[in-house]
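File shown: coords.cif (mmCIF, C-alpha atoms).
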```cif
data_data
loop_
_atom_site.label_atom_id
_atom_site.label_comp_id
_atom_site.auth_asym_id
_atom_site.auth_seq_id
_atom_site.Cartn_x
_atom_site.Cartn_y
_atom_site.Cartn_z
CA MET A 564 -22.75 -8.28 -17.23
CA ALA A 565 -20.22 -6.38 -15.17
CA ARG A 566 -17.61 -4.39 -17.00
CA ILE A 567 -14.25 -3.01 -15.90
CA ILE A 568 -14.28 0.55 -17.13
CA GLY A 569 -10.72 1.34 -16.16
CA ALA A 570 -8.28 1.79 -13.33
CA VAL A 571 -6.56 4.36 -11.22
CA SER A 572 -3.26 3.93 -9.42
CA THR A 573 -1.96 6.38 -6.89
CA SER A 574 0.45 6.69 -3.99
CA HIS A 575 -1.14 6.40 -0.56
CA ILE A 576 1.22 8.17 1.87
CA PRO A 577 -0.44 8.86 5.26
CA SER A 578 0.62 12.52 5.26
CA ILE A 579 -1.66 13.03 2.22
CA GLY A 580 -4.57 12.22 4.53
CA ASN A 581 -3.33 14.77 7.04
CA ALA A 582 -2.95 17.36 4.28
CA ILE A 583 -6.57 16.75 3.22
CA ALA A 584 -7.75 17.09 6.84
CA ARG A 585 -5.88 20.38 7.17
CA LYS A 586 -7.06 21.61 3.72
CA LEU A 587 -3.51 22.09 2.42
CA GLU A 588 -4.25 21.00 -1.16
CA LYS A 589 -3.33 24.42 -2.60
CA ASP A 590 -0.26 24.88 -0.42
CA ALA A 591 3.01 25.19 -2.41
CA TYR A 592 4.33 21.85 -1.15
CA TRP A 593 1.12 19.94 -1.85
CA ARG A 594 -0.25 21.55 -5.00
CA PRO A 595 1.91 19.55 -7.48
CA PHE A 596 0.51 16.41 -5.91
CA PHE A 597 -3.18 17.37 -5.56
CA GLU A 598 -3.80 19.47 -8.67
CA PRO A 599 -3.37 16.53 -11.10
CA PHE A 600 -6.37 14.87 -9.42
CA VAL A 601 -8.73 17.52 -10.83
CA PRO A 602 -8.95 15.81 -14.27
CA VAL A 603 -9.32 12.46 -12.48
CA HIS A 604 -12.45 13.75 -10.75
CA ALA A 605 -13.86 14.83 -14.13
CA TRP A 606 -13.05 11.40 -15.63
CA LEU A 607 -14.75 9.60 -12.72
CA LYS A 608 -17.89 11.69 -13.26
CA GLU A 609 -17.86 10.62 -16.88
CA VAL A 610 -17.25 6.88 -16.37
CA ARG A 611 -19.47 6.61 -13.24
CA PRO A 612 -18.17 3.45 -11.53
CA ASP A 613 -20.57 1.56 -9.25
CA VAL A 614 -17.94 -0.52 -7.47
CA VAL A 615 -14.23 -0.14 -6.76
CA VAL A 616 -11.99 -3.16 -6.31
CA ALA A 617 -9.11 -1.65 -4.36
CA VAL A 618 -5.75 -3.43 -4.33
CA TYR A 619 -3.57 -2.26 -1.45
CA ASN A 620 -1.22 -3.42 1.30
CA ASP A 621 -2.00 -3.33 5.01
CA HIS A 622 0.67 -1.70 7.20
CA GLY A 623 -0.25 -3.29 10.52
CA LEU A 624 -3.83 -2.21 11.14
CA ASN A 625 -5.88 -5.30 10.25
CA PHE A 626 -3.10 -7.87 9.95
CA PHE A 627 -0.26 -8.63 12.32
CA LEU A 628 2.60 -11.14 12.03
CA ASP A 629 0.63 -13.73 14.02
CA LYS A 630 -1.47 -14.48 10.93
CA LEU A 631 -0.31 -12.79 7.77
CA PRO A 632 -1.99 -13.69 4.49
CA THR A 633 -0.24 -13.27 1.16
CA PHE A 634 -3.52 -12.26 -0.50
CA ALA A 635 -6.77 -11.39 1.30
CA VAL A 636 -10.17 -10.43 -0.13
CA GLY A 637 -12.91 -8.60 1.73
CA ALA A 638 -16.39 -10.12 1.99
CA ALA A 639 -17.95 -7.65 4.39
CA ALA A 640 -21.00 -5.41 4.18
CA GLU A 641 -18.98 -2.52 5.62
CA TYR A 642 -15.30 -1.74 5.98
CA HIS A 643 -14.01 0.52 8.71
CA HIS A 644 -10.85 2.52 9.11
CA ALA A 645 -9.39 2.88 12.61
CA ASP A 646 -6.64 4.57 14.61
CA GLU A 647 -3.29 3.61 13.08
CA GLY A 648 -1.27 5.04 15.93
CA TRP A 649 0.16 8.20 14.47
CA GLY A 650 -2.71 10.63 14.20
CA LEU A 651 -4.34 10.19 10.79
CA PRO A 652 -8.02 11.18 11.02
CA ILE A 653 -10.34 8.18 10.78
CA ALA A 654 -12.15 7.90 7.45
CA ARG A 655 -15.90 7.36 7.29
CA PRO A 656 -17.03 3.75 6.65
CA PHE A 657 -17.13 2.17 3.21
CA TYR A 658 -19.94 -0.04 1.94
CA GLY A 659 -19.10 -3.38 0.38
CA ASP A 660 -20.84 -5.56 -2.18
CA GLN A 661 -20.96 -9.00 -0.60
CA ARG A 662 -22.49 -10.77 -3.57
CA LEU A 663 -19.70 -9.57 -5.84
CA SER A 664 -17.14 -10.36 -3.12
CA TRP A 665 -18.21 -13.99 -2.96
CA HIS A 666 -18.31 -14.24 -6.74
CA LEU A 667 -14.75 -12.92 -6.78
CA ILE A 668 -13.66 -15.30 -4.03
CA ASN A 669 -15.23 -18.33 -5.73
CA ALA A 670 -13.66 -17.43 -9.05
CA LEU A 671 -10.21 -16.78 -7.55
CA VAL A 672 -10.09 -20.07 -5.67
CA ALA A 673 -11.34 -21.86 -8.80
CA ALA A 674 -8.40 -20.20 -10.59
CA GLU A 675 -6.10 -21.67 -7.88
CA PHE A 676 -5.49 -18.47 -5.94
CA ASP A 677 -5.94 -19.72 -2.37
CA ILE A 678 -6.81 -16.38 -0.83
CA VAL A 679 -7.84 -15.53 2.72
CA THR A 680 -11.44 -14.29 3.00
CA CYS A 681 -12.39 -11.58 5.50
CA GLN A 682 -15.91 -10.91 6.77
CA GLU A 683 -14.39 -8.34 9.10
CA MET A 684 -11.56 -6.24 7.80
CA LEU A 685 -10.19 -2.90 8.93
CA VAL A 686 -8.83 -0.94 5.99
CA ASP A 687 -5.79 1.27 6.56
CA HIS A 688 -4.46 4.47 4.95
CA ALA A 689 -3.40 2.53 1.84
CA PHE A 690 -7.12 2.05 1.13
CA THR A 691 -8.64 5.20 2.66
CA VAL A 692 -6.22 7.86 1.33
CA PRO A 693 -6.67 6.89 -2.35
CA MET A 694 -10.47 6.76 -1.86
CA SER A 695 -10.36 10.30 -0.41
CA LEU A 696 -8.19 11.44 -3.32
CA LEU A 697 -10.67 10.07 -5.87
CA TRP A 698 -13.82 11.28 -4.08
CA PRO A 699 -12.92 14.29 -1.94
CA GLY A 700 -15.29 16.47 0.03
CA GLY A 701 -16.85 14.10 2.54
CA GLY A 702 -20.40 12.75 2.58
CA GLU A 703 -21.43 9.29 1.50
CA TRP A 704 -19.00 7.43 -0.78
CA PRO A 705 -20.56 7.30 -4.27
CA VAL A 706 -19.26 3.77 -4.86
CA LYS A 707 -19.19 0.42 -3.13
CA ALA A 708 -15.77 -1.01 -2.43
CA ILE A 709 -14.09 -4.40 -2.19
CA PRO A 710 -10.62 -4.51 -0.65
CA VAL A 711 -7.97 -6.87 -2.02
CA GLU A 712 -4.93 -6.93 0.23
CA VAL A 713 -1.38 -7.95 -0.72
CA ASN A 714 1.41 -8.75 1.74
CA THR A 715 4.30 -6.34 1.34
CA VAL A 716 5.35 -6.49 5.00
CA GLN A 717 7.03 -9.84 5.56
CA HIS A 718 9.16 -11.63 2.99
CA PRO A 719 8.67 -13.83 1.07
CA LEU A 720 6.32 -11.55 -0.86
CA PRO A 721 4.33 -12.75 -3.86
CA SER A 722 6.28 -12.31 -7.08
CA PRO A 723 5.45 -9.58 -9.59
CA ARG A 724 4.37 -12.30 -12.02
CA ARG A 725 2.04 -13.86 -9.44
CA CYS A 726 0.52 -10.46 -8.68
CA PHE A 727 -0.07 -9.76 -12.37
CA HIS A 728 -1.77 -13.15 -12.75
CA LEU A 729 -3.90 -12.50 -9.67
CA GLY A 730 -5.02 -9.35 -11.46
CA ARG A 731 -5.82 -11.38 -14.58
CA ALA A 732 -7.99 -13.71 -12.47
CA ILE A 733 -9.74 -10.74 -10.82
CA GLY A 734 -10.41 -9.28 -14.26
CA ARG A 735 -11.90 -12.53 -15.58
CA ALA A 736 -14.02 -12.93 -12.44
CA ILE A 737 -15.47 -9.43 -12.71
CA GLU A 738 -16.11 -9.69 -16.45
CA SER A 739 -18.06 -12.92 -15.84
CA TYR A 740 -20.29 -11.41 -13.14
CA ASP A 741 -23.99 -11.50 -14.00
CA GLN A 742 -24.95 -7.98 -12.89
CA ASP A 743 -24.63 -4.80 -14.93
CA LEU A 744 -22.01 -3.08 -12.85
CA ARG A 745 -19.36 -0.60 -13.85
CA VAL A 746 -16.23 -1.56 -11.98
CA LEU A 747 -13.11 0.52 -11.35
CA ILE A 748 -9.85 -1.11 -10.28
CA LEU A 749 -7.73 0.88 -7.85
CA GLY A 750 -4.08 0.05 -7.24
CA THR A 751 -2.31 1.92 -4.45
CA GLY A 752 1.18 2.63 -3.13
CA GLY A 753 4.61 3.41 -4.54
CA LEU A 754 6.41 4.56 -6.36
CA SER A 755 10.07 4.32 -5.25
CA HIS A 756 10.74 4.90 -1.57
CA GLN A 757 12.54 3.41 1.38
CA LEU A 758 11.82 4.12 5.04
CA ASP A 759 14.26 1.79 6.79
CA GLY A 760 18.01 1.28 6.97
CA THR A 761 20.91 3.51 6.10
CA ARG A 762 19.55 3.70 2.52
CA ALA A 763 16.36 5.40 3.84
CA GLY A 764 15.29 8.17 1.48
CA PHE A 765 16.25 6.18 -1.60
CA ILE A 766 14.32 7.31 -4.70
CA ASN A 767 14.88 6.10 -8.28
CA LYS A 768 13.27 8.45 -10.76
CA PRO A 769 14.47 6.73 -13.99
CA PHE A 770 13.09 3.39 -12.76
CA ASP A 771 9.76 4.96 -11.75
CA LEU A 772 9.35 6.68 -15.10
CA MET A 773 10.13 3.42 -16.90
CA CYS A 774 7.50 1.63 -14.75
CA LEU A 775 4.89 4.30 -15.52
CA GLU A 776 5.49 3.68 -19.26
CA LYS A 777 5.60 -0.11 -19.08
CA ILE A 778 2.62 -0.54 -16.79
CA VAL A 779 0.52 0.96 -19.59
CA SER A 780 2.14 -0.47 -22.70
CA ASP A 781 3.92 -3.67 -21.68
CA PRO A 782 3.17 -4.73 -18.11
CA GLU A 783 4.44 -8.27 -18.63
CA GLU A 784 7.90 -6.80 -19.06
CA LEU A 785 7.69 -5.66 -15.42
CA THR A 786 6.78 -9.19 -14.27
CA ARG A 787 10.30 -10.26 -15.24
CA TYR A 788 11.66 -8.51 -12.17
CA SER A 789 12.00 -10.46 -8.94
CA VAL A 790 10.89 -9.03 -5.59
CA HIS A 791 14.59 -8.67 -4.80
CA ASP A 792 15.05 -6.59 -7.96
CA LEU A 793 12.15 -4.35 -6.92
CA VAL A 794 13.62 -3.84 -3.44
CA GLU A 795 16.92 -2.87 -5.00
CA LEU A 796 15.52 -0.66 -7.77
CA ALA A 797 12.44 0.86 -6.13
CA GLY A 798 13.45 0.76 -2.45
CA ALA A 799 12.34 -1.55 0.36
CA GLN A 800 8.80 -0.09 0.37
CA GLY A 801 8.76 0.59 -3.37
CA VAL A 802 7.70 -3.07 -3.69
CA GLU A 803 4.18 -1.65 -3.44
CA LEU A 804 4.47 -1.69 -7.22
CA LEU A 805 3.04 -5.19 -6.73
CA ASN A 806 -0.38 -3.59 -6.12
CA TRP A 807 -0.07 -1.72 -9.40
CA LEU A 808 0.68 -5.01 -11.18
CA VAL A 809 -2.47 -6.61 -9.75
CA MET A 810 -4.42 -3.55 -10.91
CA ARG A 811 -2.96 -3.70 -14.42
CA GLY A 812 -3.47 -7.44 -14.66
CA ALA A 813 -7.21 -6.95 -14.14
CA LEU A 814 -7.52 -4.87 -17.30
CA LEU A 815 -8.19 -7.48 -19.99
CA GLY A 816 -9.23 -5.17 -22.80
CA ARG A 817 -7.48 -2.55 -24.88
CA VAL A 818 -5.82 -0.24 -22.39
CA SER A 819 -5.03 3.40 -22.93
CA GLN A 820 -3.65 6.08 -20.66
CA VAL A 821 -6.06 8.88 -19.80
CA HIS A 822 -3.92 10.80 -17.36
CA ARG A 823 -0.65 10.58 -15.51
CA ASN A 824 1.44 12.46 -12.97
CA TYR A 825 4.80 11.92 -11.28
CA HIS A 826 5.96 14.14 -8.45
CA VAL A 827 8.91 13.90 -6.03
CA PRO A 828 8.79 14.05 -3.09
CA ILE A 829 5.82 13.78 -0.82
CA SER A 830 7.17 12.82 2.56
CA ASN A 831 9.80 10.12 1.76
CA THR A 832 8.17 8.99 -1.44
CA ALA A 833 8.18 9.47 -5.20
CA THR A 834 4.50 9.72 -6.06
CA GLY A 835 2.79 8.35 -9.12
CA LEU A 836 -0.72 8.76 -10.50
CA LEU A 837 -2.10 6.87 -13.46
CA VAL A 838 -5.58 6.70 -14.98
CA LEU A 839 -6.21 3.92 -17.47
CA GLU A 840 -9.20 3.26 -19.67
CA ASN A 841 -10.16 -0.33 -20.47
CA GLN A 842 -11.99 -0.91 -23.77
CA PRO A 843 -13.49 -4.37 -24.04
CA GLN A 844 -12.12 -6.49 -26.86
CA ALA A 845 -14.54 -8.05 -29.31
CA SER A 846 -13.29 -11.55 -28.62
CA LEU A 847 -13.94 -11.14 -24.91
CA LEU A 848 -17.43 -9.85 -25.55
CA ASP A 849 -18.11 -12.84 -27.80
CA TYR A 850 -16.73 -15.15 -25.16
CA ARG A 851 -19.01 -13.63 -22.57
CA ARG A 852 -22.06 -13.86 -24.80
CA ALA A 853 -21.27 -17.48 -25.61
CA GLY A 854 -20.78 -18.22 -21.90
CA MET B 990 18.70 -22.14 5.99
CA ASN B 991 17.10 -19.34 7.92
CA GLY B 992 14.61 -18.33 5.27
CA GLN B 993 17.04 -15.95 3.58
CA GLN B 994 16.20 -16.29 -0.09
CA PHE B 995 18.14 -13.50 -1.72
CA GLU B 996 21.25 -13.83 -3.78
CA HIS B 997 23.00 -10.70 -2.55
CA GLU B 998 22.73 -8.05 0.13
CA ILE B 999 21.39 -4.66 -0.84
CA GLU B 1000 23.48 -2.17 1.05
CA GLY B 1001 21.67 -0.29 3.80
CA THR B 1002 18.47 -2.22 3.13
CA PRO B 1003 17.09 -4.62 5.74
CA ILE B 1004 14.92 -7.38 4.31
CA PHE B 1005 12.18 -8.22 6.78
CA ASP B 1006 12.13 -11.99 6.26
CA GLY B 1007 11.19 -14.97 8.42
CA ALA B 1008 14.37 -14.77 10.50
CA ARG B 1009 13.82 -11.10 11.33
CA ALA B 1010 10.09 -11.58 11.86
CA GLN B 1011 10.84 -14.34 14.36
CA LYS B 1012 13.56 -12.36 16.13
CA GLY B 1013 11.50 -9.18 16.29
CA TYR B 1014 8.15 -10.68 17.23
CA ALA B 1015 7.89 -9.22 20.76
CA LEU B 1016 8.98 -5.74 19.71
CA ASN B 1017 6.66 -5.68 16.70
CA LYS B 1018 3.78 -7.01 18.78
CA MET B 1019 4.25 -4.19 21.27
CA CYS B 1020 4.35 -1.63 18.47
CA TYR B 1021 1.23 -3.14 16.89
CA SER B 1022 -0.57 -2.56 20.21
CA PHE B 1023 -0.01 1.19 19.73
CA ASN B 1024 -2.90 1.26 17.29
CA GLU B 1025 -4.96 1.81 20.45
CA VAL B 1026 -4.68 5.10 22.25
CA ALA B 1027 -5.03 3.51 25.70
CA ASN B 1028 -1.90 1.47 25.00
CA ARG B 1029 0.04 4.53 23.86
CA VAL B 1030 -0.94 6.26 27.08
CA ALA B 1031 0.09 3.21 29.13
CA PHE B 1032 3.49 3.11 27.41
CA VAL B 1033 4.14 6.77 28.14
CA ALA B 1034 2.97 6.39 31.75
CA ASP B 1035 5.32 3.47 32.51
CA GLU B 1036 7.62 2.47 29.67
CA ASP B 1037 9.47 -0.21 31.66
CA ALA B 1038 6.28 -1.95 32.74
CA TYR B 1039 4.83 -1.76 29.25
CA CYS B 1040 7.94 -3.24 27.61
CA ALA B 1041 8.06 -5.98 30.25
CA ARG B 1042 4.46 -6.90 29.49
CA PHE B 1043 5.48 -7.72 25.92
CA HIS B 1044 8.66 -9.58 26.98
CA LEU B 1045 11.03 -7.49 24.92
CA THR B 1046 14.52 -8.96 24.73
CA ALA B 1047 17.33 -7.01 26.41
CA GLU B 1048 18.52 -5.89 22.97
CA GLN B 1049 15.04 -4.66 22.01
CA ARG B 1050 14.51 -2.91 25.35
CA GLU B 1051 17.83 -1.10 25.04
CA ALA B 1052 17.10 -0.04 21.45
CA VAL B 1053 13.73 1.37 22.51
CA ARG B 1054 15.31 3.09 25.53
CA ARG B 1055 17.82 4.78 23.23
CA ARG B 1056 15.11 5.60 20.62
CA ASP B 1057 17.58 4.12 18.14
CA VAL B 1058 15.73 3.04 15.01
CA LEU B 1059 18.64 1.19 13.37
CA ALA B 1060 19.14 -0.78 16.59
CA MET B 1061 15.42 -1.58 16.72
CA ILE B 1062 15.61 -2.87 13.14
CA GLU B 1063 18.69 -4.90 14.03
CA ALA B 1064 16.66 -6.37 16.89
CA GLY B 1065 13.98 -7.51 14.40
CA GLY B 1066 11.75 -4.44 14.27
CA ASN B 1067 9.72 -3.82 11.13
CA ILE B 1068 9.50 -0.20 10.04
CA TYR B 1069 5.70 -0.19 9.66
CA TYR B 1070 5.25 -1.22 13.29
CA LEU B 1071 8.14 0.94 14.51
CA ALA B 1072 6.43 3.95 12.90
CA LYS B 1073 3.64 3.55 15.46
CA LEU B 1074 6.18 3.78 18.28
CA ALA B 1075 7.83 6.79 16.64
CA GLY B 1076 4.41 8.43 16.43
CA ILE B 1077 4.20 8.42 20.22
CA PHE B 1078 7.26 10.70 20.26
CA GLY B 1079 5.81 12.85 17.48
CA LEU B 1080 8.37 11.59 14.97
CA GLY B 1081 7.42 11.00 11.33
CA VAL B 1082 9.16 8.98 8.63
CA GLN B 1083 11.38 11.90 7.67
CA ASP B 1084 12.64 12.23 11.24
CA ILE B 1085 13.28 8.49 11.29
CA GLY B 1086 14.99 8.68 7.91
CA ALA B 1087 17.23 11.49 9.09
CA GLN B 1088 18.17 9.56 12.22
CA GLN B 1089 19.05 6.39 10.31
CA THR B 1090 21.16 8.20 7.74
CA GLY B 1091 22.89 10.45 10.28
CA MET B 1092 21.60 13.60 8.62
CA SER B 1093 19.69 16.58 9.92
CA VAL B 1094 15.99 16.47 9.05
CA GLU B 1095 16.49 19.49 6.80
CA ALA B 1096 19.36 17.82 4.93
CA PHE B 1097 17.31 14.63 4.58
CA LYS B 1098 14.38 16.57 3.12
CA ALA B 1099 16.73 18.38 0.74
CA LYS B 1100 18.09 15.01 -0.41
CA LEU B 1101 14.55 13.80 -1.16
CA ALA B 1102 13.73 16.97 -3.07
CA ALA B 1103 16.94 16.64 -5.08
CA ALA B 1104 15.93 13.11 -6.13
CA GLY B 1105 13.05 14.65 -8.09
CA THR B 1106 15.16 16.91 -10.24
#
```
Rewritten as structure tokens:
Amino acid sequence: MARIIGAVSTSHIPSIGNAIARKLEKDAYWRPFFEPFVPVHAWLKEVRPDVVVAVYNDHGLNFFLDKLPTFAVGAAAEYHHADEGWGLPIARPFYGDQRLSWHLINALVAAEFDIVTCQEMLVDHAFTVPMSLLWPGGGEWPVKAIPVEVNTVQHPLPSPRRCFHLGRAIGRAIESYDQDLRVLILGTGGLSHQLDGTRAGFINKPFDLMCLEKIVSDPEELTRYSVHDLVELAGAQGVELLNWLVMRGALLGRVSQVHRNYHVPISNTATGLLVLENQPQASLLDYRRAG
Amino acid sequence: MNGQQFEHEIEGTPIFDGARAQKGYALNKMCYSFNEVANRVAFVADEDAYCARFHLTAEQREAVRRRDVLAMIEAGGNIYYLAKLAGIFGLGVQDIGAQQTGMSVEAFKAKLAAAGT
């Protein structure tokens, strides 16, 4: 049976990708952001995931306003990055796991999440930058990947509660998969930031720090916020916290924090990094054996 | 009803909802095209012709002509698509942020840094 070994959440700002390309990781500006990934690399070597389910939001690479899904799930053999218009180097291709994708899709629709399925899907910086942060250095990616995309572009956005429940359904789907895979959930984006309007540059450190606590210990508390609340408290683009809520929802076991960082600013954004371990609960194991 | 679902305005914070998405469609579609380098080159070579091809409204055309981000947003532009247009002029999100808030880029960066302390 497949098992979710844990999750990582991290900001995905495009300039991080440029900093990697220019090897600026040890530069004074960048070091407080990059250095905390060193223990994450050690943890990944220890837990050895086979597949990553990456929850992110497209910023106008694959999806445009002509057809804009609320939730989309990849079902491709390969996922490609492409030119996003402002000079980020193009990441090497990612390999999918189509069998697991279709299992996930079947289970999500059965759970009444009427997602869009994508047999071709360009993945943007919100997917590629976190992957590069987790597995730096180039070469073949050591994991397969399945993208799960959430609309944060055009309101109405899915509610925090809906996103958390989508995560729950993803978690149940993975834990019921019949292959022995070690699965990592990746949630990307955030934390507080705003790019548009006269409030551009808005950052809310107390709210971010509260979210970093609650996402570990009491994520359902965060689902009491509305999207409007998140826009107000985390900034117009800080709603990317929705991706983190999907990520957290997928962890059905006993969850503990392995590692965390918070650093302000990178570009316009307050950055967050969280590594969570997911220990299966006995009741779930029994349920799976019985099933 | 124009799709506005929120109970109160958040000052200085545009909500890109159905009404804005409908109003800004042509402008955002043009900006989306800038994912391809050939289109960026075509825009730079003949901005008028390129804007005409996408049927920008007079308000959108004027906002683009003035490189005025707040005016582009007012005309229905979404910041993620507008960022692709800004990229053509070598402007990043901090430059855009400074312009919208009427600050120098240095002052805008200092404001961001101060938010972390």
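Non-sequential neighbours of Glu1063 in chain B (distance at most 12 Å, separation of 5 or more positions within a chain, all atoms listed in the file) are Asp759, Gly760 and Thr761 of chain A; Gly1001, Thr1002, Pro1003, Ile1004, Phe1005, Ala1008, Arg1009, Ala1010, Lys1012, Gly1013, Leu1016, Glu1048, Gln1049, Glu1051, Ala1052, Val1053, Asp1057, Val1058, Ile1068 and Gln1089 of chain B.
Closest approach to Pro693 in chain A among A:Val706, A:Ala763, A:Val601, A:Ala617: A:Ala617, based on only C-alpha atoms.
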**Q.** Close residues, Ala638 in chain A itself excluded, 6 Å, only C-alpha atoms, min 2 positions apart in chain, as a ChimeraX atom specification
**A.** /A:661,664,681-682
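All of the residues in chain B within 6 Å of chain A are Gly1001, Thr1002, Phe1005, Asp1006, Phe1023, Asn1024, Tyr1069, Lys1073, Gly1076, Gly1086, Gln1089, Thr1090, Ala1102 and Gly1105 of chain B, where all atoms listed in the file were counted.
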Around all listed atoms of range 1046-1060 of chain B, padded 4 Å per side, what centre and edge lengths does the axis-aligned box have in Å to one decimal, as AutoDock Vina command-line options?
```
--center_x 16.4 --center_y -1.7 --center_z 19.9 --size_x 13.4 --size_y 22.6 --size_z 21.0
```
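Reported to one decimal place, the separation of CA of Pro612 in chain A from CA of Ala565 in chain A is 10.7 Å.
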Q: Using the chain letters and residue numbers of this document, give as a PyMOL selection string the residues selected by the PyMOL selection byres ((chain A and resi 727-739) around 10).
A: chain A and resi 564-567+616+618+634+663-664+666-676+711+722-726+740-746+748+782-783+785-786+805-816+843+847-848+850-852+854
